[in-house]
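Colleague: For reference, the file upload.csv (CSV, C-alpha atoms and all ligand atoms) is included below:
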```
chain,number,residue,atom,x,y,z
F,1,MET,CA,-52.3,-57.0,-47.3
F,2,VAL,CA,-48.7,-56.5,-46.2
F,3,GLY,CA,-48.0,-58.0,-42.7
F,4,VAL,CA,-45.5,-56.5,-40.1
F,5,ASP,CA,-42.8,-58.8,-41.4
F,6,GLY,CA,-43.5,-57.8,-45.0
F,7,LEU,CA,-43.4,-54.1,-44.0
F,8,GLN,CA,-40.1,-54.7,-42.2
F,9,ASP,CA,-38.7,-56.4,-45.4
F,10,ALA,CA,-39.8,-53.4,-47.5
F,11,VAL,CA,-38.1,-50.9,-45.1
F,12,ASP,CA,-35.0,-53.0,-45.0
F,13,LEU,CA,-35.0,-53.1,-48.8
F,14,VAL,CA,-35.3,-49.3,-49.1
F,15,LEU,CA,-32.5,-48.8,-46.5
F,16,ALA,CA,-30.3,-51.2,-48.4
F,17,VAL,CA,-30.9,-49.4,-51.7
F,18,PHE,CA,-30.2,-46.0,-50.0
F,19,ALA,CA,-27.0,-47.3,-48.5
F,20,ALA,CA,-25.8,-48.7,-51.8
F,21,GLY,CA,-26.6,-45.3,-53.4
F,22,LEU,CA,-24.5,-43.6,-50.7
F,23,GLU,CA,-21.6,-46.0,-51.3
F,24,ALA,CA,-21.7,-45.4,-55.0
F,25,ALA,CA,-21.8,-41.7,-54.5
F,26,ARG,CA,-18.8,-41.9,-52.2
F,27,ASP,CA,-17.0,-44.0,-54.8
F,28,VAL,CA,-17.8,-41.5,-57.5
F,29,HIS,CA,-16.7,-38.6,-55.2
F,30,GLU,CA,-13.4,-40.4,-54.3
F,31,GLN,CA,-12.7,-41.3,-58.0
F,32,SER,CA,-13.3,-37.7,-59.0
F,33,LEU,CA,-10.9,-36.2,-56.5
F,34,PRO,CA,-7.7,-37.0,-58.4
F,35,SER,CA,-9.2,-35.6,-61.6
F,36,ILE,CA,-10.3,-32.4,-59.8
F,37,ALA,CA,-6.9,-32.1,-58.2
F,38,SER,CA,-5.1,-32.7,-61.5
F,39,GLY,CA,-7.4,-30.2,-63.1
F,40,ARG,CA,-6.6,-27.6,-60.5
F,41,ASP,CA,-2.9,-28.3,-60.9
F,42,ARG,CA,-3.3,-27.7,-64.6
F,43,LEU,CA,-5.2,-24.5,-64.0
F,44,GLU,CA,-2.6,-23.2,-61.5
F,45,ALA,CA,0.3,-24.2,-63.9
F,46,SER,CA,-1.3,-22.4,-66.8
F,47,VAL,CA,-2.1,-19.2,-64.9
F,48,PRO,CA,1.4,-17.7,-65.0
F,49,GLU,CA,1.7,-18.5,-68.7
F,50,GLU,CA,-1.6,-16.9,-69.5
F,51,ARG,CA,-1.0,-13.8,-67.3
F,52,GLY,CA,2.2,-12.8,-69.0
F,53,GLU,CA,5.2,-11.4,-67.4
F,54,LEU,CA,3.4,-8.4,-65.7
F,55,GLY,CA,0.8,-10.6,-63.9
F,56,ARG,CA,-2.1,-9.1,-65.8
F,57,SER,CA,-5.1,-11.3,-66.1
F,58,ILE,CA,-6.6,-12.1,-69.5
F,59,GLU,CA,-10.0,-10.8,-68.5
F,60,ARG,CA,-8.6,-7.4,-67.7
F,61,SER,CA,-6.6,-6.8,-70.8
F,62,ALA,CA,-9.4,-8.1,-73.1
F,63,ALA,CA,-10.8,-5.4,-75.3
F,64,HIS,CA,-14.5,-4.6,-75.1
F,65,VAL,CA,-16.8,-5.5,-78.0
F,66,VAL,CA,-18.3,-2.1,-77.9
F,67,ALA,CA,-16.0,0.9,-78.2
F,68,PHE,CA,-16.7,2.5,-74.9
F,69,ARG,CA,-14.3,5.3,-75.5
F,70,SER,CA,-16.8,6.9,-77.8
F,71,LEU,CA,-19.5,6.7,-75.1
F,72,HIS,CA,-18.6,10.1,-73.7
F,73,PRO,CA,-19.2,12.9,-73.5
F,74,CYS,CA,-23.0,13.0,-73.1
F,75,ASP,CA,-24.8,15.3,-75.6
F,76,ASP,CA,-27.3,16.5,-73.0
F,77,THR,CA,-26.5,16.7,-69.3
F,78,ARG,CA,-29.4,19.0,-68.4
F,79,ALA,CA,-31.1,16.0,-66.8
F,80,VAL,CA,-28.2,15.5,-64.4
F,81,PRO,CA,-29.3,17.2,-61.2
F,82,LEU,CA,-25.8,18.2,-60.1
F,83,LEU,CA,-24.2,21.5,-59.2
F,84,ARG,CA,-20.9,21.4,-61.0
F,85,PRO,CA,-18.3,23.7,-62.6
F,86,GLU,CA,-17.8,23.9,-66.3
F,87,ARG,CA,-14.1,23.2,-65.9
F,88,ILE,CA,-11.8,21.9,-63.3
F,89,THR,CA,-8.0,21.8,-62.9
F,90,ILE,CA,-6.4,18.5,-62.2
F,91,VAL,CA,-3.1,18.5,-60.3
F,92,GLU,CA,-1.3,15.3,-61.4
F,93,VAL,CA,0.6,13.9,-58.5
F,94,ALA,CA,1.8,10.5,-59.8
F,95,PRO,CA,5.4,11.5,-60.4
F,96,ARG,CA,5.8,12.5,-56.7
F,97,ASP,CA,3.0,11.1,-54.5
F,98,GLY,CA,2.6,8.1,-56.6
F,99,LEU,CA,6.2,7.0,-57.3
F,100,GLN,CA,7.3,7.5,-53.6
F,101,ALA,CA,4.9,4.7,-52.7
F,102,GLU,CA,6.3,2.2,-55.2
F,103,ASP,CA,8.9,-0.5,-54.4
F,104,ARG,CA,10.6,-0.1,-57.8
F,105,VAL,CA,12.7,3.0,-58.3
F,106,LEU,CA,12.3,4.4,-61.8
F,107,SER,CA,15.3,5.8,-63.6
F,108,THR,CA,15.5,9.6,-64.1
F,109,ASP,CA,15.0,9.0,-67.8
F,110,ALA,CA,11.8,7.1,-67.2
F,111,LYS,CA,10.6,9.8,-64.8
F,112,LEU,CA,11.3,12.4,-67.5
F,113,GLU,CA,9.3,10.4,-70.0
F,114,LEU,CA,6.4,10.1,-67.5
F,115,LEU,CA,6.4,13.9,-67.0
F,116,GLU,CA,6.6,14.4,-70.8
F,117,ARG,CA,3.7,12.0,-71.4
F,118,LEU,CA,1.5,13.7,-68.7
F,119,ALA,CA,2.2,17.2,-70.3
F,120,ASP,CA,1.4,15.7,-73.7
F,121,ALA,CA,-1.9,14.4,-72.4
F,122,GLY,CA,-2.8,18.0,-71.5
F,123,HIS,CA,-1.9,18.4,-67.8
F,124,THR,CA,-1.1,21.9,-66.8
F,125,ALA,CA,-0.1,21.2,-63.2
F,126,ILE,CA,2.2,18.3,-62.3
F,127,GLU,CA,3.9,17.5,-59.0
F,128,ALA,CA,7.2,16.5,-60.4
F,129,THR,CA,9.3,15.4,-57.4
F,130,SER,CA,10.3,16.0,-53.7
F,131,PHE,CA,13.2,17.5,-52.0
F,132,VAL,CA,12.8,15.6,-48.7
F,133,SER,CA,15.7,13.6,-47.4
F,134,PRO,CA,16.8,10.9,-50.0
F,135,LYS,CA,17.1,8.6,-47.0
F,136,ALA,CA,13.4,9.0,-46.2
F,137,VAL,CA,12.3,8.7,-49.8
F,138,PRO,CA,14.9,6.9,-51.9
F,139,GLN,CA,12.5,6.7,-54.9
F,140,LEU,CA,13.0,10.5,-55.4
F,141,ALA,CA,16.6,10.8,-54.5
F,142,ASP,CA,17.3,12.2,-58.0
F,143,ALA,CA,15.3,15.3,-57.5
F,144,GLU,CA,18.1,17.7,-58.3
F,145,ASP,CA,19.1,15.9,-61.5
F,146,LEU,CA,15.5,15.5,-62.6
F,147,MET,CA,14.6,19.2,-62.1
F,148,LYS,CA,17.7,20.4,-63.9
F,149,ARG,CA,17.0,18.2,-66.9
F,150,LEU,CA,13.3,18.9,-67.0
F,151,LYS,CA,12.6,21.2,-69.9
F,152,PRO,CA,10.1,24.0,-69.1
F,153,ARG,CA,6.9,23.8,-71.2
F,154,ALA,CA,4.6,26.7,-71.8
F,155,GLY,CA,1.4,26.5,-69.8
F,156,VAL,CA,2.7,23.7,-67.5
F,157,ARG,CA,3.5,24.2,-63.8
F,158,TYR,CA,5.9,21.7,-62.2
F,159,THR,CA,5.7,21.6,-58.4
F,160,ALA,CA,8.3,20.2,-56.0
F,161,LEU,CA,7.6,19.2,-52.4
F,162,VAL,CA,9.9,20.8,-49.8
F,163,PRO,CA,9.9,19.8,-46.1
F,164,ASN,CA,11.8,22.8,-44.8
F,165,GLU,CA,14.2,25.7,-45.7
F,166,THR,CA,17.0,23.3,-46.6
F,167,GLY,CA,14.7,21.6,-49.1
F,168,LEU,CA,13.5,25.0,-50.4
F,169,ASP,CA,17.2,26.0,-51.0
F,170,ARG,CA,17.8,22.8,-52.9
F,171,ALA,CA,14.7,23.3,-55.0
F,172,MET,CA,15.5,26.9,-55.8
F,173,SER,CA,19.1,26.0,-56.9
F,174,CYS,CA,17.5,23.8,-59.6
F,175,GLY,CA,15.3,26.5,-60.9
F,176,VAL,CA,12.0,25.2,-59.3
F,177,ARG,CA,9.3,27.9,-59.6
F,178,GLU,CA,6.6,26.3,-57.5
F,179,ILE,CA,6.9,24.4,-54.2
F,180,ALA,CA,4.5,22.5,-52.0
F,181,VAL,CA,4.7,22.3,-48.2
F,182,PHE,CA,3.0,19.6,-46.2
F,183,ALA,CA,1.4,19.7,-42.8
F,184,SER,CA,-1.1,17.5,-41.0
F,185,ALA,CA,-4.5,18.5,-39.5
F,186,SER,CA,-4.1,15.7,-37.0
F,187,GLU,CA,-1.7,15.3,-34.1
F,188,SER,CA,-0.5,11.7,-34.4
F,189,TYR,CA,0.2,11.8,-38.1
F,190,SER,CA,2.2,15.0,-37.7
F,191,ARG,CA,4.3,13.4,-35.0
F,192,LYS,CA,4.9,10.2,-37.1
F,193,ASN,CA,5.3,11.8,-40.5
F,194,LEU,CA,7.0,15.1,-39.6
F,195,ASN,CA,8.5,14.3,-36.1
F,196,ARG,CA,6.8,17.4,-34.8
F,197,SER,CA,3.6,18.3,-33.2
F,198,ARG,CA,0.9,19.7,-35.5
F,199,ASP,CA,1.3,23.2,-34.2
F,200,GLU,CA,5.1,23.1,-34.3
F,201,ALA,CA,5.0,21.8,-37.9
F,202,LEU,CA,2.5,24.4,-39.0
F,203,ALA,CA,4.4,27.3,-37.4
F,204,GLY,CA,7.7,26.1,-38.9
F,205,TYR,CA,6.3,26.7,-42.4
F,206,GLY,CA,5.8,30.4,-41.9
F,207,PRO,CA,9.4,31.4,-42.7
F,208,VAL,CA,9.7,28.8,-45.5
F,209,ILE,CA,6.6,30.1,-47.3
F,210,LYS,CA,7.7,33.7,-46.8
F,211,LYS,CA,11.2,33.0,-48.2
F,212,ALA,CA,9.6,31.2,-51.2
F,213,LYS,CA,7.1,34.0,-51.8
F,214,ASP,CA,9.8,36.7,-51.5
F,215,ALA,CA,11.7,34.8,-54.2
F,216,GLY,CA,8.6,34.9,-56.5
F,217,LEU,CA,7.7,31.3,-56.2
F,218,ARG,CA,4.1,29.9,-56.2
F,219,VAL,CA,3.4,28.0,-53.0
F,220,ARG,CA,1.0,25.1,-52.6
F,221,GLY,CA,0.1,23.8,-49.2
F,222,TYR,CA,-1.0,20.3,-48.3
F,223,LEU,CA,-3.0,19.5,-45.2
F,224,SER,CA,-3.3,15.8,-44.5
F,225,MET,CA,-5.8,13.8,-42.5
F,226,VAL,CA,-8.6,16.3,-42.9
F,227,ILE,CA,-11.3,13.7,-42.4
F,228,ALA,CA,-9.7,11.3,-40.0
F,229,ASP,CA,-6.4,10.0,-38.7
F,230,PRO,CA,-5.6,6.3,-38.2
F,231,TRP,CA,-4.5,6.8,-34.6
F,232,ASP,CA,-6.6,9.9,-33.5
F,233,GLY,CA,-9.9,9.0,-35.2
F,234,PRO,CA,-12.1,11.7,-36.8
F,235,THR,CA,-10.5,15.1,-37.3
F,236,ASP,CA,-12.5,18.0,-36.0
F,237,PRO,CA,-13.5,20.2,-39.0
F,238,ASN,CA,-12.9,23.3,-37.0
F,239,VAL,CA,-9.3,22.2,-36.4
F,240,VAL,CA,-9.0,21.6,-40.1
F,241,SER,CA,-10.3,25.1,-40.7
F,242,ALA,CA,-7.9,26.8,-38.3
F,243,ALA,CA,-4.9,25.0,-39.8
F,244,ALA,CA,-6.0,25.8,-43.3
F,245,LYS,CA,-6.4,29.5,-42.3
F,246,GLN,CA,-2.9,29.5,-40.8
F,247,LEU,CA,-1.3,28.1,-44.0
F,248,MET,CA,-3.3,30.5,-46.2
F,249,ASP,CA,-2.3,33.5,-44.0
F,250,PHE,CA,1.4,32.5,-44.4
F,251,GLY,CA,0.9,33.1,-48.1
F,252,CYS,CA,-0.1,29.8,-49.7
F,253,ASP,CA,-1.6,30.4,-53.2
F,254,GLU,CA,-3.4,27.1,-53.0
F,255,LEU,CA,-4.2,24.6,-50.3
F,256,SER,CA,-4.9,20.9,-51.0
F,257,LEU,CA,-6.9,19.1,-48.3
F,258,GLY,CA,-6.1,15.5,-48.1
F,259,ASP,CA,-8.3,12.6,-47.1
F,260,THR,CA,-5.1,10.7,-46.7
F,261,ILE,CA,-6.6,7.4,-45.7
F,262,GLY,CA,-9.7,7.6,-48.0
F,263,VAL,CA,-12.3,7.1,-45.3
F,264,GLY,CA,-14.4,10.2,-46.0
F,265,THR,CA,-17.8,10.4,-47.6
F,266,PRO,CA,-19.7,13.3,-49.1
F,267,GLY,CA,-21.0,14.0,-45.6
F,268,GLU,CA,-17.6,14.7,-44.1
F,269,VAL,CA,-16.4,16.6,-47.2
F,270,THR,CA,-19.4,18.9,-46.9
F,271,ALA,CA,-18.8,19.3,-43.1
F,272,VAL,CA,-15.2,20.3,-43.7
F,273,LEU,CA,-16.1,22.9,-46.3
F,274,ALA,CA,-18.8,24.3,-44.0
F,275,ALA,CA,-16.2,24.7,-41.3
F,276,LEU,CA,-13.8,26.4,-43.8
F,277,ARG,CA,-16.5,28.9,-44.7
F,278,ARG,CA,-17.2,29.6,-41.0
F,279,GLY,CA,-13.4,30.1,-40.5
F,280,ASP,CA,-13.2,32.6,-43.4
F,281,VAL,CA,-10.9,30.4,-45.5
F,282,ALA,CA,-10.9,31.4,-49.2
F,283,ILE,CA,-12.7,28.4,-50.8
F,284,ALA,CA,-11.5,29.5,-54.3
F,285,LYS,CA,-8.0,28.6,-53.3
F,286,VAL,CA,-8.9,25.2,-51.9
F,287,ALA,CA,-8.2,21.9,-53.7
F,288,PHE,CA,-9.0,18.3,-52.6
F,289,HIS,CA,-6.8,15.3,-52.6
F,290,PHE,CA,-8.9,12.1,-52.3
F,291,HIS,CA,-7.9,8.5,-51.9
F,292,ASP,CA,-10.1,5.7,-53.2
F,293,THR,CA,-9.6,3.3,-50.3
F,294,TYR,CA,-13.3,3.0,-49.5
F,295,GLY,CA,-14.4,3.6,-53.1
F,296,GLN,CA,-15.7,7.1,-52.2
F,297,ALA,CA,-13.3,9.3,-54.1
F,298,LEU,CA,-15.5,10.3,-57.1
F,299,ALA,CA,-18.5,10.7,-54.8
F,300,ASN,CA,-16.4,13.1,-52.7
F,301,VAL,CA,-15.3,15.0,-55.8
F,302,LEU,CA,-18.9,15.6,-56.8
F,303,ALA,CA,-19.7,16.7,-53.2
F,304,ALA,CA,-16.8,19.2,-53.3
F,305,MET,CA,-17.7,20.4,-56.8
F,306,ALA,CA,-21.2,21.2,-55.5
F,307,GLU,CA,-19.6,23.4,-52.9
F,308,GLY,CA,-17.6,25.3,-55.4
F,309,ILE,CA,-14.2,23.4,-55.5
F,310,THR,CA,-12.6,23.3,-58.9
F,311,THR,CA,-9.1,21.9,-58.3
F,312,PHE,CA,-8.5,18.2,-57.6
F,313,ASP,CA,-5.4,16.1,-57.2
F,314,ALA,CA,-5.3,12.8,-59.0
F,315,SER,CA,-2.7,10.3,-59.9
F,316,VAL,CA,-2.4,8.5,-63.3
F,317,GLY,CA,-3.1,4.8,-62.7
F,318,GLY,CA,-4.2,5.5,-59.2
F,319,ILE,CA,-0.7,4.9,-57.8
F,320,GLY,CA,0.2,6.3,-54.4
F,321,GLY,CA,-1.5,4.3,-51.7
F,322,SER,CA,-1.4,5.4,-48.1
F,323,PRO,CA,0.9,3.3,-46.0
F,324,PHE,CA,-1.8,3.4,-43.3
F,325,ALA,CA,-4.5,1.9,-45.4
F,326,LYS,CA,-3.5,-1.7,-46.0
F,327,MET,CA,-6.3,-2.6,-48.4
F,328,ALA,CA,-6.2,-1.8,-52.1
F,329,GLY,CA,-7.0,1.8,-53.0
F,330,GLY,CA,-4.5,4.6,-53.6
F,331,ASN,CA,-4.9,8.1,-54.9
F,332,LEU,CA,-7.9,8.9,-57.0
F,333,ALA,CA,-6.9,7.7,-60.5
F,334,THR,CA,-6.7,10.6,-63.0
F,335,GLU,CA,-8.3,8.6,-65.8
F,336,ASP,CA,-11.3,7.7,-63.4
F,337,LEU,CA,-11.8,11.4,-62.7
F,338,VAL,CA,-11.5,12.4,-66.4
F,339,TRP,CA,-13.9,9.6,-67.4
F,340,MET,CA,-16.6,11.0,-65.0
F,341,CYS,CA,-16.0,14.6,-66.1
F,342,ARG,CA,-16.4,13.6,-69.7
F,343,GLY,CA,-19.7,12.0,-68.8
F,344,ILE,CA,-21.1,15.1,-67.1
F,345,LYS,CA,-19.5,17.6,-69.5
F,346,ILE,CA,-16.9,19.1,-67.2
F,347,GLU,CA,-13.8,20.3,-69.1
F,348,THR,CA,-10.5,18.9,-67.8
F,349,GLY,CA,-8.2,19.7,-70.8
F,350,VAL,CA,-6.8,16.1,-70.4
F,351,ASP,CA,-6.9,13.6,-73.2
F,352,LEU,CA,-8.3,10.3,-71.9
F,353,ASP,CA,-6.7,8.1,-74.5
F,354,LYS,CA,-3.2,9.5,-73.9
F,355,LEU,CA,-3.8,9.2,-70.2
F,356,VAL,CA,-4.8,5.5,-70.5
F,357,ALA,CA,-1.9,4.8,-72.7
F,358,THR,CA,0.4,6.5,-70.1
F,359,SER,CA,-1.2,4.5,-67.3
F,360,HIS,CA,-0.4,1.2,-69.1
F,361,TRP,CA,3.1,2.3,-69.9
F,362,LEU,CA,3.6,3.2,-66.3
F,363,GLY,CA,2.3,-0.2,-65.2
F,364,ASP,CA,5.0,-1.7,-67.5
F,365,GLN,CA,7.7,0.5,-65.9
F,366,LEU,CA,6.6,-0.4,-62.4
F,367,GLY,CA,6.1,-4.1,-63.1
F,368,HIS,CA,2.5,-4.5,-61.9
F,369,GLU,CA,-1.1,-3.7,-62.9
F,370,LEU,CA,-2.2,-0.3,-61.7
F,371,PRO,CA,-5.4,0.1,-59.7
F,372,SER,CA,-7.3,2.6,-62.0
F,373,HIS,CA,-10.8,1.3,-62.8
F,374,VAL,CA,-10.9,3.0,-66.2
F,375,SER,CA,-7.5,1.8,-67.5
F,376,ARG,CA,-8.2,-1.7,-66.4
F,377,ALA,CA,-11.7,-1.6,-68.0
F,378,LEU,CA,-10.6,-0.1,-71.3
F,379,GLY,CA,-7.5,-2.3,-71.5
F,380,GLU,CA,-4.3,-1.5,-73.2
F,381,PRO,CA,-4.7,0.7,-76.2
F,382,PRO,CA,-3.2,-0.4,-79.5
F,383,ARG,CA,0.3,0.9,-80.0
V,401,MG,MG,-2.0,10.9,-51.9
```
The structure in this file should be written as structure tokens.
Ligand code: MG

Modeller:
Amino acid sequence: MVGVDGLQDAVDLVLAVFAAGLEAARDVHEQSLPSIASGRDRLEASVPEERGELGRSIERSAAHVVAFRSLHPCDDTRAVPLLRPERITIVEVAPRDGLQAEDRVLSTDAKLELLERLADAGHTAIEATSFVSPKAVPQLADAEDLMKRLKPRAGVRYTALVPNETGLDRAMSCGVREIAVFASASESYSRKNLNRSRDEALAGYGPVIKKAKDAGLRVRGYLSMVIADPWDGPTDPNVVSAAAKQLMDFGCDELSLGDTIGVGTPGEVTAVLAALRRGDVAIAKVAFHFHDTYGQALANVLAAMAEGITTFDASVGGIGGSPFAKMAGGNLATEDLVWMCRGIKIETGVDLDKLVATSHWLGDQLGHELPSHVSRALGEPPR
């Protein structure tokens, strides 16, 4: 039998052993800290070497074991319960909407190569540049030179953005045959981006569009913030519809509705389209311009397709983030859109391999990895 003293001895022994164990564990922990620290130093030191000069990580540029490029298109999409068109038109906006958001200014030669590559990939509608003030957008200050040097290609439309009649005159003097004007469906963005109220800005485009149409130009309208505005909150779909009707009545051949901050979901997209129908806006002339800020861009494309929309803006590499959405996520990447369309057998006319090659080439030109999911997943194609 163990007495009280014996029990106390046993407890003391257990506690002593436990304390020694703790001490040993602390020693091991302290001894291991320098090696962990030096290991971390080695890791950090090695990262720049392994990433290469463009900051690309090894994982992202590694090739897949399986050739995923051959995965698409599906042989049988009858099981996909989606209302969708047989074909869509992609308006490629990287040369204007994309490049104007980049820190690095590309040379005119590099921009011409980008335009050439995009046309070679099969694009038929490309937004080439902008005739806004070079002070406001220095990245596109070479608009005149670019448009004069750009060789016309059969079957390819090149659009230039114009803010007003002065911009229109500059564009026409360079032989531009298609312009785009831009207004906002929300009040605050119009005042900050255009220095005018929404109604003033919209009304101001009447004479510009008329002059362009009288000269035989095709006119594309942009309406920004159709889902929400960072200062005003959600945009009333009926307000979007009224602004869209006004731009259409001025003579726009096409109207691109922009979820400029990328907050929309298929629910809001469907609500906007319902309002357009109530407002007697010609849906056949409506395009959508989605941003992928909240990862909703492709879901929104599907929702719009189900409502009869067949024209979508997209930007190779996904360049062109909104200055009002600080987190990653710019324009819907063209290759992401083409990848989905291949999977559900919607014709785009755009060659995915050429697009991915162009995306990686553009990343080299801009000095950083571009945000497109598909180009990062597929890696750089062999040259
Ligand atoms: Mg955009």

Colleague: I'd like the contact shell of F:Lys151 - 12 Å cut-off, only C-alpha atoms, skipping same-chain residues fewer than 5 positions apart - returned as number ranges by chain.

Modeller: F: 112-113, 115-116, 119, 128, 145-146, 156-158, 174-176

Colleague: Neighbours of stretch 210-218 of chain F within 12 Å (all atoms listed in the file; same-chain residues fewer than 2 positions away dropped), as an MDAnalysis selection string?

Modeller: chainID F and resid 125 157:162 164:173 175:181 203:208 220:221 247:255

Colleague: Please indicate the distance in Å from atom CA of F:Asp336 to atom CA of F:Lys354, rounded to one decimal place.

Modeller: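 Spanning atom CA of F:Asp336 to atom CA of F:Lys354 is a straight-line distance of 13.4 Å.
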
Colleague: Pick from F:Gly317, F:Gly122, F:Pro152, F:Gly262: nearest to F:Ala297, with all atoms listed in the file counted?

Modeller: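 Closest to F:Ala297 of all the choices is F:Gly262.
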
Colleague: If I take atom CA of F:Leu366 and atom CA of F:Leu378, how far is one from the other in Å, to one decimal?

Modeller: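 Result for atom CA of F:Leu366 versus atom CA of F:Leu378: 19.4 Å, one decimal.
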
Colleague: Would you list the residues that come within 9 Å of ligand MG 401 (chain V)? Count all atoms listed in the file and give the answer as a ChimeraX atom specification.

Modeller: /F:93-94,97-98,224,258-261,289-291,313-315,319-322,330-332

Colleague: Looking at all atoms listed in the file, which of F:Asp109, F:Pro163, F:Leu298, F:Ala183 is the one that sits closest to F:Phe131?

Modeller: F:Pro163

Colleague: Using all atoms listed in the file, find the one residue out of F:Leu114, F:Val286, F:Leu273, F:Ile209 that sits nearest to F:Ser359.

Modeller: F:Leu114

Colleague: From the set F:Thr108, F:Asn300, F:Thr310, F:Ser188, which residue has the shortest atom-to-atom contact distance to F:Leu150, counting all atoms listed in the file?

Modeller: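 Using all atoms listed in the file, the shortest distance to F:Leu150 belongs to F:Thr108.
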
Colleague: Any idea what the distance is between atom CA of F:Pro138 and atom CA of F:Leu362?

Modeller: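 We find that atom CA of F:Pro138 and atom CA of F:Leu362 lie 18.7 Å from each other.
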
Colleague: Could you check which of F:Ala243, F:Val263, F:Ala201, F:Ala136 is closest to F:Ile227, using all atoms listed in the file?

Modeller: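 Nearest to F:Ile227: F:Val263.
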
Colleague: Please work out which residues fall within 10 Å of (16.2, 5.7, -54.7), coordinates as given in the file, with only C-alpha atoms counting, and return them as a VMD selection string.

Modeller: chain F and resid 100 103 to 107 134 to 142

Colleague: Check the smallest atom-to-atom distance from each of F:Ala333, F:Val240, F:Leu118, F:Ile344 to F:Gly295 using only C-alpha atoms, then report the winner.

Modeller: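 Nearest to F:Gly295: F:Ala333.
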
Colleague: For F:Arg383, list every protein, DNA or RNA residue within 12 Å, evaluated using only C-alpha atoms, and leave out those in the same chain fewer than 6 positions away; present the list as number ranges by chain.

Modeller: F: 353-354, 356-358, 360-361
